[in-house]
Every structure is written in structure tokens, then in C-alpha cells.
file start-v2.pdb (PDB, C-alpha atoms, pLDDT in the B column)
MODEL        1
ATOM      1  CA  MET A   1     -19.287  -4.130  25.691  1.00 40.00           C
ATOM      2  CA  PRO A   2     -20.961  -3.178  22.381  1.00 45.00           C
ATOM      3  CA  ALA A   3     -18.194  -0.639  21.693  1.00 45.00           C
ATOM      4  CA  GLN A   4     -15.571  -3.278  22.362  1.00 45.00           C
ATOM      5  CA  ARG A   5     -17.266  -5.700  19.930  1.00 46.00           C
ATOM      6  CA  ALA A   6     -17.430  -2.928  17.325  1.00 44.00           C
ATOM      7  CA  GLU A   7     -13.704  -2.313  17.788  1.00 45.00           C
ATOM      8  CA  GLU A   8     -13.035  -6.043  17.348  1.00 47.00           C
ATOM      9  CA  ARG A   9     -15.086  -6.093  14.125  1.00 44.00           C
ATOM     10  CA  GLN A  10     -13.126  -3.123  12.794  1.00 46.00           C
ATOM     11  CA  GLU A  11      -9.850  -4.878  13.603  1.00 48.00           C
ATOM     12  CA  GLN A  12     -11.066  -8.042  11.871  1.00 44.00           C
ATOM     13  CA  ALA A  13     -12.078  -6.009   8.832  1.00 45.00           C
ATOM     14  CA  GLY A  14      -8.538  -4.638   8.631  1.00 45.00           C
ATOM     15  CA  ARG A  15      -9.403  -1.125   9.683  1.00 49.00           C
ATOM     16  CA  HIS A  16      -9.227   0.730  12.913  1.00 52.00           C
ATOM     17  CA  HIS A  17     -10.174   4.357  13.134  1.00 64.00           C
ATOM     18  CA  ALA A  18      -8.505   6.242  15.941  1.00 72.00           C
ATOM     19  CA  GLY A  19     -10.978   9.086  15.490  1.00 73.00           C
ATOM     20  CA  THR A  20     -13.922   6.789  16.151  1.00 76.00           C
ATOM     21  CA  SER A  21     -12.198   5.374  19.210  1.00 81.00           C
ATOM     22  CA  LEU A  22     -11.323   8.832  20.528  1.00 85.00           C
ATOM     23  CA  TYR A  23     -14.900   9.989  20.049  1.00 86.00           C
ATOM     24  CA  ARG A  24     -16.268   6.988  21.927  1.00 90.00           C
ATOM     25  CA  VAL A  25     -13.857   7.411  24.827  1.00 91.00           C
ATOM     26  CA  ALA A  26     -13.582  11.194  25.159  1.00 91.00           C
ATOM     27  CA  GLY A  27     -16.334  12.833  23.086  1.00 90.00           C
ATOM     28  CA  PHE A  28     -16.499  15.386  20.309  1.00 92.00           C
ATOM     29  CA  GLY A  29     -14.314  18.106  21.875  1.00 92.00           C
ATOM     30  CA  PRO A  30     -11.122  16.023  22.058  1.00 91.00           C
ATOM     31  CA  LEU A  31     -11.879  14.554  18.626  1.00 90.00           C
ATOM     32  CA  ALA A  32     -12.192  18.048  17.112  1.00 92.00           C
ATOM     33  CA  ALA A  33      -8.988  19.178  18.853  1.00 94.00           C
ATOM     34  CA  ALA A  34      -7.078  16.144  17.539  1.00 92.00           C
ATOM     35  CA  GLY A  35      -8.387  16.797  14.013  1.00 92.00           C
ATOM     36  CA  VAL A  36      -7.344  20.448  14.111  1.00 96.00           C
ATOM     37  CA  LEU A  37      -3.889  19.456  15.398  1.00 96.00           C
ATOM     38  CA  ASP A  38      -3.482  16.874  12.621  1.00 95.00           C
ATOM     39  CA  VAL A  39      -4.372  19.491   9.994  1.00 97.00           C
ATOM     40  CA  ALA A  40      -1.950  21.950  11.653  1.00 98.00           C
ATOM     41  CA  LYS A  41       0.747  19.256  11.684  1.00 97.00           C
ATOM     42  CA  GLY A  42       0.420  19.012   7.913  1.00 98.00           C
ATOM     43  CA  ALA A  43       0.530  22.787   7.459  1.00 98.00           C
ATOM     44  CA  ALA A  44       3.517  23.515   9.729  1.00 98.00           C
ATOM     45  CA  GLY A  45       6.409  22.300   7.568  1.00 98.00           C
ATOM     46  CA  PRO A  46       5.073  23.675   4.286  1.00 98.00           C
ATOM     47  CA  GLY A  47       4.253  26.978   5.998  1.00 98.00           C
ATOM     48  CA  LEU A  48       7.806  27.350   7.295  1.00 98.00           C
ATOM     49  CA  ALA A  49       9.269  26.453   3.894  1.00 98.00           C
ATOM     50  CA  LEU A  50       7.035  28.963   2.103  1.00 98.00           C
ATOM     51  CA  ALA A  51       7.906  31.644   4.648  1.00 98.00           C
ATOM     52  CA  ALA A  52      11.578  31.003   3.855  1.00 98.00           C
ATOM     53  CA  GLY A  53      10.839  31.398   0.135  1.00 98.00           C
ATOM     54  CA  HIS A  54      11.114  27.739  -0.886  1.00 98.00           C
ATOM     55  CA  PRO A  55       7.856  26.627  -2.555  1.00 98.00           C
ATOM     56  CA  ALA A  56       9.263  23.324  -3.874  1.00 98.00           C
ATOM     57  CA  LEU A  57      10.484  22.449  -0.388  1.00 98.00           C
ATOM     58  CA  ALA A  58       7.024  23.324   0.931  1.00 98.00           C
ATOM     59  CA  ALA A  59       5.490  20.831  -1.509  1.00 98.00           C
ATOM     60  CA  VAL A  60       7.848  18.060  -0.407  1.00 98.00           C
ATOM     61  CA  ALA A  61       7.370  18.958   3.279  1.00 98.00           C
ATOM     62  CA  GLY A  62       3.650  18.304   2.827  1.00 98.00           C
ATOM     63  CA  GLY A  63       4.434  14.808   1.615  1.00 98.00           C
ATOM     64  CA  ALA A  64       6.818  14.302   4.546  1.00 98.00           C
ATOM     65  CA  ALA A  65       4.035  15.232   6.976  1.00 98.00           C
ATOM     66  CA  VAL A  66       1.776  12.616   5.377  1.00 98.00           C
ATOM     67  CA  VAL A  67       4.530   9.975   5.538  1.00 98.00           C
ATOM     68  CA  GLY A  68       5.147  10.736   9.222  1.00 96.00           C
ATOM     69  CA  HIS A  69       1.429  10.456   9.936  1.00 95.00           C
ATOM     70  CA  ASN A  70       0.981   7.236   7.951  1.00 95.00           C
ATOM     71  CA  TRP A  71       4.026   5.427   9.361  1.00 96.00           C
ATOM     72  CA  SER A  72       4.481   6.934  12.796  1.00 92.00           C
ATOM     73  CA  PRO A  73       7.567   5.886  14.756  1.00 92.00           C
ATOM     74  CA  PHE A  74       5.439   6.405  17.885  1.00 90.00           C
ATOM     75  CA  LEU A  75       3.065   3.652  16.699  1.00 88.00           C
ATOM     76  CA  ARG A  76       5.828   1.233  15.615  1.00 89.00           C
ATOM     77  CA  GLY A  77       5.320   2.073  11.955  1.00 89.00           C
ATOM     78  CA  ALA A  78       1.524   1.990  12.004  1.00 91.00           C
ATOM     79  CA  GLY A  79      -0.527   5.115  11.452  1.00 91.00           C
ATOM     80  CA  GLY A  80      -3.413   6.825   9.772  1.00 91.00           C
ATOM     81  CA  ARG A  81      -4.315   7.402   6.153  1.00 92.00           C
ATOM     82  CA  GLY A  82      -2.913  10.897   5.868  1.00 95.00           C
ATOM     83  CA  ILE A  83      -6.078  12.817   5.026  1.00 95.00           C
ATOM     84  CA  SER A  84      -5.837  15.401   7.833  1.00 95.00           C
ATOM     85  CA  PRO A  85      -2.175  16.345   7.342  1.00 97.00           C
ATOM     86  CA  ALA A  86      -2.752  16.350   3.579  1.00 98.00           C
ATOM     87  CA  LEU A  87      -5.576  18.860   4.058  1.00 98.00           C
ATOM     88  CA  GLY A  88      -3.269  21.122   6.067  1.00 98.00           C
ATOM     89  CA  ALA A  89      -0.331  20.844   3.684  1.00 98.00           C
ATOM     90  CA  LEU A  90      -2.482  21.490   0.636  1.00 98.00           C
ATOM     91  CA  LEU A  91      -4.185  24.426   2.308  1.00 98.00           C
ATOM     92  CA  VAL A  92      -0.760  26.096   2.485  1.00 98.00           C
ATOM     93  CA  VAL A  93       0.804  24.949  -0.805  1.00 98.00           C
ATOM     94  CA  ALA A  94      -2.091  24.509  -3.251  1.00 98.00           C
ATOM     95  CA  TRP A  95      -5.498  25.159  -1.690  1.00 98.00           C
ATOM     96  CA  PRO A  96      -7.589  23.596  -4.507  1.00 98.00           C
ATOM     97  CA  GLY A  97      -6.188  20.233  -3.365  1.00 98.00           C
ATOM     98  CA  THR A  98      -7.821  20.714   0.033  1.00 98.00           C
ATOM     99  CA  VAL A  99     -11.138  21.408  -1.655  1.00 98.00           C
ATOM    100  CA  MET A 100     -10.721  18.344  -3.900  1.00 97.00           C
ATOM    101  CA  LEU A 101     -10.050  15.992  -0.984  1.00 97.00           C
ATOM    102  CA  LEU A 102     -12.972  17.369   1.015  1.00 97.00           C
ATOM    103  CA  VAL A 103     -15.374  17.192  -1.944  1.00 98.00           C
ATOM    104  CA  GLY A 104     -14.192  13.658  -2.744  1.00 97.00           C
ATOM    105  CA  MET A 105     -14.858  12.506   0.811  1.00 95.00           C
ATOM    106  CA  ILE A 106     -18.223  14.272   0.982  1.00 97.00           C
ATOM    107  CA  LEU A 107     -19.404  12.808  -2.335  1.00 97.00           C
ATOM    108  CA  GLY A 108     -18.122   9.399  -1.258  1.00 95.00           C
ATOM    109  CA  LYS A 109     -20.095   9.683   1.969  1.00 94.00           C
ATOM    110  CA  VAL A 110     -23.229  10.700   0.066  1.00 96.00           C
ATOM    111  CA  PHE A 111     -22.910   7.595  -2.130  1.00 94.00           C
ATOM    112  CA  GLY A 112     -22.037   5.305   0.792  1.00 93.00           C
ATOM    113  CA  GLU A 113     -18.302   4.816   0.136  1.00 93.00           C
ATOM    114  CA  THR A 114     -16.169   7.625   1.538  1.00 93.00           C
ATOM    115  CA  ALA A 115     -13.008   5.687   0.665  1.00 93.00           C
ATOM    116  CA  VAL A 116     -13.922   5.553  -3.043  1.00 96.00           C
ATOM    117  CA  GLY A 117     -14.514   9.311  -3.114  1.00 96.00           C
ATOM    118  CA  ALA A 118     -11.179   9.888  -1.377  1.00 96.00           C
ATOM    119  CA  LEU A 119      -9.443   7.553  -3.857  1.00 97.00           C
ATOM    120  CA  VAL A 120     -10.782   9.478  -6.853  1.00 97.00           C
ATOM    121  CA  ALA A 121      -9.648  12.759  -5.290  1.00 98.00           C
ATOM    122  CA  GLU A 122      -6.189  11.353  -4.461  1.00 97.00           C
ATOM    123  CA  VAL A 123      -5.671  10.088  -8.017  1.00 97.00           C
ATOM    124  CA  ALA A 124      -6.841  13.403  -9.527  1.00 98.00           C
ATOM    125  CA  LEU A 125      -4.748  15.512  -7.148  1.00 97.00           C
ATOM    126  CA  THR A 126      -1.501  15.696  -9.156  1.00 97.00           C
ATOM    127  CA  PRO A 127      -2.926  16.514 -12.601  1.00 98.00           C
ATOM    128  CA  VAL A 128      -5.381  19.078 -11.215  1.00 98.00           C
ATOM    129  CA  LEU A 129      -2.744  20.822  -9.099  1.00 98.00           C
ATOM    130  CA  ALA A 130      -0.355  20.811 -12.078  1.00 98.00           C
ATOM    131  CA  VAL A 131      -2.946  22.855 -13.966  1.00 98.00           C
ATOM    132  CA  THR A 132      -3.822  25.189 -11.077  1.00 98.00           C
ATOM    133  CA  HIS A 133      -0.357  25.675  -9.543  1.00 98.00           C
ATOM    134  CA  GLY A 134       2.164  24.528 -12.158  1.00 98.00           C
ATOM    135  CA  ALA A 135       5.246  22.514 -11.255  1.00 98.00           C
ATOM    136  CA  VAL A 136       4.990  23.229  -7.510  1.00 98.00           C
ATOM    137  CA  GLY A 137       1.373  22.057  -7.545  1.00 98.00           C
ATOM    138  CA  ALA A 138       2.319  18.866  -9.375  1.00 98.00           C
ATOM    139  CA  LEU A 139       5.150  18.259  -6.893  1.00 98.00           C
ATOM    140  CA  ALA A 140       2.784  18.819  -3.957  1.00 98.00           C
ATOM    141  CA  GLY A 141       0.184  16.526  -5.502  1.00 98.00           C
ATOM    142  CA  ILE A 142       2.582  13.688  -6.117  1.00 98.00           C
ATOM    143  CA  SER A 143       4.397  14.119  -2.774  1.00 98.00           C
ATOM    144  CA  ILE A 144       1.098  13.912  -0.912  1.00 98.00           C
ATOM    145  CA  ALA A 145      -0.847  11.420  -3.057  1.00 98.00           C
ATOM    146  CA  ILE A 146       1.827   8.721  -3.304  1.00 98.00           C
ATOM    147  CA  PRO A 147       2.126   8.036   0.441  1.00 98.00           C
ATOM    148  CA  MET A 148      -1.665   8.119   0.770  1.00 97.00           C
ATOM    149  CA  LEU A 149      -2.101   5.608  -2.051  1.00 97.00           C
ATOM    150  CA  VAL A 150       0.720   3.381  -0.802  1.00 97.00           C
ATOM    151  CA  LYS A 151      -0.838   3.343   2.680  1.00 96.00           C
ATOM    152  CA  ARG A 152      -4.119   2.138   1.195  1.00 95.00           C
ATOM    153  CA  VAL A 153      -2.301  -0.845  -0.320  1.00 95.00           C
ATOM    154  CA  VAL A 154       0.028  -1.818   2.539  1.00 94.00           C
ATOM    155  CA  GLY A 155      -2.306  -0.960   5.433  1.00 91.00           C
ATOM    156  CA  ASN A 156      -1.037  -1.464   8.971  1.00 90.00           C
ATOM    157  CA  ALA A 157      -0.735  -5.247   8.746  1.00 91.00           C
ATOM    158  CA  PRO A 158       0.126  -7.857   6.126  1.00 92.00           C
ATOM    159  CA  ALA A 159      -2.674  -8.767   3.739  1.00 92.00           C
ATOM    160  CA  LYS A 160      -4.704 -11.833   4.660  1.00 89.00           C
ATOM    161  CA  PRO A 161      -5.522 -14.521   2.115  1.00 89.00           C
ATOM    162  CA  PRO A 162      -6.920 -14.359  -0.464  1.00 90.00           C
ATOM    163  CA  ARG A 163      -4.394 -11.581  -1.008  1.00 93.00           C
ATOM    164  CA  ARG A 164      -5.563 -10.479  -4.453  1.00 94.00           C
ATOM    165  CA  ARG A 165      -9.048  -9.711  -3.117  1.00 94.00           C
ATOM    166  CA  THR A 166      -7.616  -8.110   0.013  1.00 94.00           C
ATOM    167  CA  TYR A 167      -5.407  -5.780  -2.030  1.00 94.00           C
ATOM    168  CA  ARG A 168      -8.300  -4.901  -4.347  1.00 95.00           C
ATOM    169  CA  ASN A 169     -10.452  -4.059  -1.334  1.00 94.00           C
ATOM    170  CA  ARG A 170      -7.678  -2.008   0.218  1.00 95.00           C
ATOM    171  CA  ILE A 171      -7.223   0.034  -2.944  1.00 95.00           C
ATOM    172  CA  LEU A 172     -10.911   0.598  -3.628  1.00 94.00           C
ATOM    173  CA  TYR A 173     -12.471   0.595  -0.162  1.00 93.00           C
ATOM    174  CA  ASP A 174      -9.477   1.237   2.138  1.00 91.00           C
ATOM    175  CA  ARG A 175     -10.237  -1.890   4.165  1.00 90.00           C
ATOM    176  CA  ASP A 176      -9.527  -5.617   3.925  1.00 88.00           C
ATOM    177  CA  ASP A 177     -13.134  -6.773   3.546  1.00 84.00           C
ATOM    178  CA  ARG A 178     -15.501  -5.460   0.880  1.00 70.00           C
ATOM    179  CA  ILE A 179     -18.387  -5.145   3.325  1.00 68.00           C
ATOM    180  CA  ALA A 180     -17.827  -2.677   6.137  1.00 59.00           C
ATOM    181  CA  SER A 181     -18.494  -3.962   9.607  1.00 53.00           C
ATOM    182  CA  GLN A 182     -21.666  -2.625  11.144  1.00 50.00           C
ATOM    183  CA  THR A 183     -21.122  -0.517  14.226  1.00 48.00           C
ATOM    184  CA  PRO A 184     -23.898   0.045  16.737  1.00 45.00           C
TER     185      PRO A 184
ENDMDL
END

call {"tool": "encode", "arguments": {"input": "start-v2.pdb", "output": "C-alpha cells"}}
result
Amino acid sequence: MPAQRAEERQEQAGRHHAGTSLYRVAGFGPLAAAGVLDVAKGAAGPGLALAAGHPALAAVAGGAAVVGHNWSPFLRGAGGRGISPALGALLVVAWPGTVMLLVGMILGKVFGETAVGALVAEVALTPVLAVTHGAVGALAGISIAIPMLVKRVVGNAPAKPPRRRTYRNRILYDRDDRIASQTP
């Protein structure tokens, strides 16, 4: 029952983390396997494009993997936030982007707001990769960051009133309410 109430609080807060649910139901092993597969999903398309000698296509394929993850046809247009496939795509196309996203999330976690750390990393992705990897890096950064940032704003459901505050919270904290629900 407590897990069910925690799930309900997450839904009410406008966030639902499949990873948390998978961990609660199946444990760490299946969670780790799903995470590895999501990272691999992001790396597959860019890896094939690079192997064929098309770095620009690899950059765009990374963004396509994030879009497919964020708006899955298997979930009726709902989906995740794109971090795992972004990590995989960037690992193949422009590895400093993977490091940036991971460091952003880790620093965010240290300061109590993982979503804020991820937001800073997502916004910095394109200019940093433009410096480290030139035009292909910039293309990868923008192809991957835009769907991640758009997903933060649109979420998986329409914004609840007051909409201005809801959108602000979605952008900054990646959830509808400013205060995260407490899970047992």
C-alpha cells in the first residue's frame, strides 16, 4: 500500500518515474538492464550512421532516438525525459556531452535538485559541443537538447492551473509542483 500511495503522489505531482516503479516491482537487476538498453537504444542509430561515414546523420539520429523515447508510440505519445538515450547518442557522437549530462545530474543531486542540474547541462550542451566537436557537435547538441527541453515543458499531460506556475516548475524542476512528493 505505501508504494501505491507514493505512486499516486508522483502522479499528482505531474511526474511518474518508470525506473522507480521498475525498481520497486522487480529490483535492481531489471532496472540496470533497462537502463543499459535505453543507453544502447540511443547509441544504435548514431553508431550505424558513423560506421557508414555520415557524422551529421549520426548527430540527427541521436536526436531521433531521444524523440522516440520521449514520445513513444507504444505509450500513446507519453514517454521519458530522454536522458538515457541522450547519454548513449552522445557517447558515440560527441562524448563530452555524456560527461556534461552526468556531471549536471550528479551536481544537481548533491544540491537536492537533479532536474536543475540536468537543465543546466542540457542548455550548455550545444555551445560546449560546438567548441569541442565543431558543426557536428553543435548539430548533435541541438538535436538532442531540443526534444529534452520541449519534453520538460509539455510533460505527458496538459498543464494544470495555474498554468504559468506549472510551466515554470516543469522547466526548472521537471515536475508540475515545486515541492517534490515525499516517497517512503

call {"tool": "residues_around", "arguments": {"input": "start-v2.pdb", "residues": "A:Pro147", "least_positions_apart": "4", "cutoff": "12 Å", "atoms": "only C-alpha atoms", "output": "PyMOL selection string"}}
result
chain A and resi 60+62-71+79-83+85-86+122-123+140-143+151-155

call {"tool": "atom_distance", "arguments": {"input": "start-v2.pdb", "atom1": "atom CA of A:Gly88", "atom2": "atom CA of A:Ala157"}}
result
26.6 Å

call {"tool": "resolve_selection", "arguments": {"input": "start-v2.pdb", "expression": "the PyMOL selection byres ((chain A and resi 109-116) around 9)", "output": "PDB file with C-alpha atoms, in the frame of the given file"}}
result
ATOM      1  CA  GLY A 104     -14.192  13.658  -2.744  1.00 97.00           C
ATOM      2  CA  MET A 105     -14.858  12.506   0.811  1.00 95.00           C
ATOM      3  CA  ILE A 106     -18.223  14.272   0.982  1.00 97.00           C
ATOM      4  CA  LEU A 107     -19.404  12.808  -2.335  1.00 97.00           C
ATOM      5  CA  GLY A 108     -18.122   9.399  -1.258  1.00 95.00           C
ATOM      6  CA  GLY A 117     -14.514   9.311  -3.114  1.00 96.00           C
ATOM      7  CA  ALA A 118     -11.179   9.888  -1.377  1.00 96.00           C
ATOM      8  CA  LEU A 119      -9.443   7.553  -3.857  1.00 97.00           C
ATOM      9  CA  VAL A 120     -10.782   9.478  -6.853  1.00 97.00           C
ATOM     10  CA  ALA A 121      -9.648  12.759  -5.290  1.00 98.00           C
ATOM     11  CA  ILE A 171      -7.223   0.034  -2.944  1.00 95.00           C
ATOM     12  CA  LEU A 172     -10.911   0.598  -3.628  1.00 94.00           C
ATOM     13  CA  TYR A 173     -12.471   0.595  -0.162  1.00 93.00           C
ATOM     14  CA  ASP A 174      -9.477   1.237   2.138  1.00 91.00           C
ATOM     15  CA  ARG A 175     -10.237  -1.890   4.165  1.00 90.00           C
TER      16      ARG A 175
END

call {"tool": "atom_distance", "arguments": {"input": "start-v2.pdb", "atom1": "atom CA of A:Thr166", "atom2": "atom CA of A:Ile146"}}
result
19.6 Å

call {"tool": "resolve_selection", "arguments": {"input": "start-v2.pdb", "expression": "the PyMOL selection byres ((chain A and resi 126) around 12)", "output": "PyMOL selection string"}}
result
chain A and resi 59+90+94+96-97+100-101+120-125+127-146

call {"tool": "residues_around", "arguments": {"input": "start-v2.pdb", "residues": "A:Thr20", "least_positions_apart": "5", "cutoff": "10 Å", "atoms": "all atoms listed in the file", "output": "NGL selection string"}}
result
:A and (7 or 25 or 27-28 or 31)

call {"tool": "residues_around", "arguments": {"input": "start-v2.pdb", "residues": "A:Arg165", "least_positions_apart": "4", "cutoff": "10 Å", "atoms": "all atoms listed in the file", "output": "MDAnalysis selection string"}}
result
chainID A and resid 159:161 169:171 176:178

call {"tool": "atom_distance", "arguments": {"input": "start-v2.pdb", "atom1": "atom CA of A:Ala44", "atom2": "atom CA of A:Ala58"}}
result
9.5 Å

call {"tool": "closest_residue", "arguments": {"input": "start-v2.pdb", "among": "A:Val99, A:Leu149, A:Ala89, A:Arg164", "to": "A:Ala49", "atoms": "all atoms listed in the file"}}
result
A:Ala89

call {"tool": "closest_residue", "arguments": {"input": "start-v2.pdb", "among": "A:Val39, A:Ala34, A:Asn156, A:Ala26", "to": "A:Leu75", "atoms": "all atoms listed in the file"}}
result
A:Asn156

call {"tool": "closest_residue", "arguments": {"input": "start-v2.pdb", "among": "A:Ala18, A:Leu48, A:Ala33, A:Ala78", "to": "A:Val92", "atoms": "all atoms listed in the file"}}
result
A:Leu48

call {"tool": "axis_aligned_box", "arguments": {"input": "start-v2.pdb", "around": "stretch 68-72 of chain A", "padding_each_side": "6 Å", "output": "lines of an AutoDock Vina configuration file"}}
result
center_x = 3.1
center_y = 8.1
center_z = 10.4
size_x = 16.2
size_y = 17.3
size_z = 16.8

call {"tool": "closest_residue", "arguments": {"input": "start-v2.pdb", "among": "A:Val103, A:Val93, A:Ser21, A:Ala32", "to": "A:Leu50", "atoms": "all atoms listed in the file"}}
result
A:Val93

call {"tool": "build_atoms", "arguments": {"input": "start-v2.pdb", "residues": "stretch 129-139 of chain A", "atoms": "all heavy atoms", "output": "CSV table (one decimal), keeping the file's coordinate frame"}}
result
chain,number,residue,atom,x,y,z
A,129,LEU,N,-3.6,19.8,-9.7
A,129,LEU,CA,-2.7,20.8,-9.1
A,129,LEU,C,-1.7,21.3,-10.1
A,129,LEU,O,-1.2,22.4,-10.0
A,129,LEU,CB,-2.1,20.3,-7.8
A,129,LEU,CG,-3.1,20.1,-6.7
A,129,LEU,CD1,-2.4,19.6,-5.4
A,129,LEU,CD2,-3.9,21.3,-6.4
A,130,ALA,N,-1.3,20.4,-11.0
A,130,ALA,CA,-0.4,20.8,-12.1
A,130,ALA,C,-1.0,21.9,-12.9
A,130,ALA,O,-0.3,22.9,-13.3
A,130,ALA,CB,0.0,19.6,-12.9
A,131,VAL,N,-2.3,21.8,-13.2
A,131,VAL,CA,-2.9,22.9,-14.0
A,131,VAL,C,-3.1,24.1,-13.1
A,131,VAL,O,-2.9,25.2,-13.6
A,131,VAL,CB,-4.3,22.3,-14.5
A,131,VAL,CG1,-5.2,23.5,-15.1
A,131,VAL,CG2,-4.1,21.2,-15.5
A,132,THR,N,-3.5,24.0,-11.9
A,132,THR,CA,-3.8,25.2,-11.1
A,132,THR,C,-2.6,25.9,-10.5
A,132,THR,O,-2.6,27.1,-10.3
A,132,THR,CB,-4.8,24.9,-9.9
A,132,THR,OG1,-4.1,23.9,-9.0
A,132,THR,CG2,-6.1,24.3,-10.4
A,133,HIS,N,-1.5,25.1,-10.2
A,133,HIS,CA,-0.4,25.7,-9.5
A,133,HIS,C,1.0,25.3,-10.2
A,133,HIS,O,2.0,25.5,-9.6
A,133,HIS,CB,-0.3,25.2,-8.1
A,133,HIS,CG,-1.3,26.0,-7.2
A,133,HIS,ND1,-2.7,25.7,-7.3
A,133,HIS,CD2,-1.2,27.0,-6.3
A,133,HIS,CE1,-3.3,26.5,-6.4
A,133,HIS,NE2,-2.4,27.3,-5.9
A,134,GLY,N,0.9,24.8,-11.4
A,134,GLY,CA,2.2,24.5,-12.2
A,134,GLY,C,3.0,23.4,-11.5
A,134,GLY,O,2.5,22.5,-10.9
A,135,ALA,N,4.3,23.6,-11.7
A,135,ALA,CA,5.2,22.5,-11.3
A,135,ALA,C,5.2,22.3,-9.7
A,135,ALA,O,5.3,21.2,-9.3
A,135,ALA,CB,6.7,22.9,-11.7
A,136,VAL,N,5.1,23.4,-9.0
A,136,VAL,CA,5.0,23.2,-7.5
A,136,VAL,C,3.7,22.5,-7.1
A,136,VAL,O,3.7,21.6,-6.2
A,136,VAL,CB,5.1,24.6,-6.8
A,136,VAL,CG1,4.7,24.5,-5.3
A,136,VAL,CG2,6.5,25.2,-7.0
A,137,GLY,N,2.6,22.8,-7.8
A,137,GLY,CA,1.4,22.1,-7.5
A,137,GLY,C,1.5,20.6,-7.9
A,137,GLY,O,1.0,19.7,-7.1
A,138,ALA,N,2.1,20.3,-9.0
A,138,ALA,CA,2.3,18.9,-9.4
A,138,ALA,C,3.2,18.2,-8.3
A,138,ALA,O,2.9,17.0,-8.0
A,138,ALA,CB,2.9,18.8,-10.8
A,139,LEU,N,4.3,18.8,-7.9
A,139,LEU,CA,5.2,18.3,-6.9
A,139,LEU,C,4.4,18.0,-5.6
A,139,LEU,O,4.5,17.0,-4.9
A,139,LEU,CB,6.4,19.2,-6.7
A,139,LEU,CG,7.4,18.7,-5.7
A,139,LEU,CD1,8.0,17.3,-6.1
A,139,LEU,CD2,8.5,19.7,-5.6
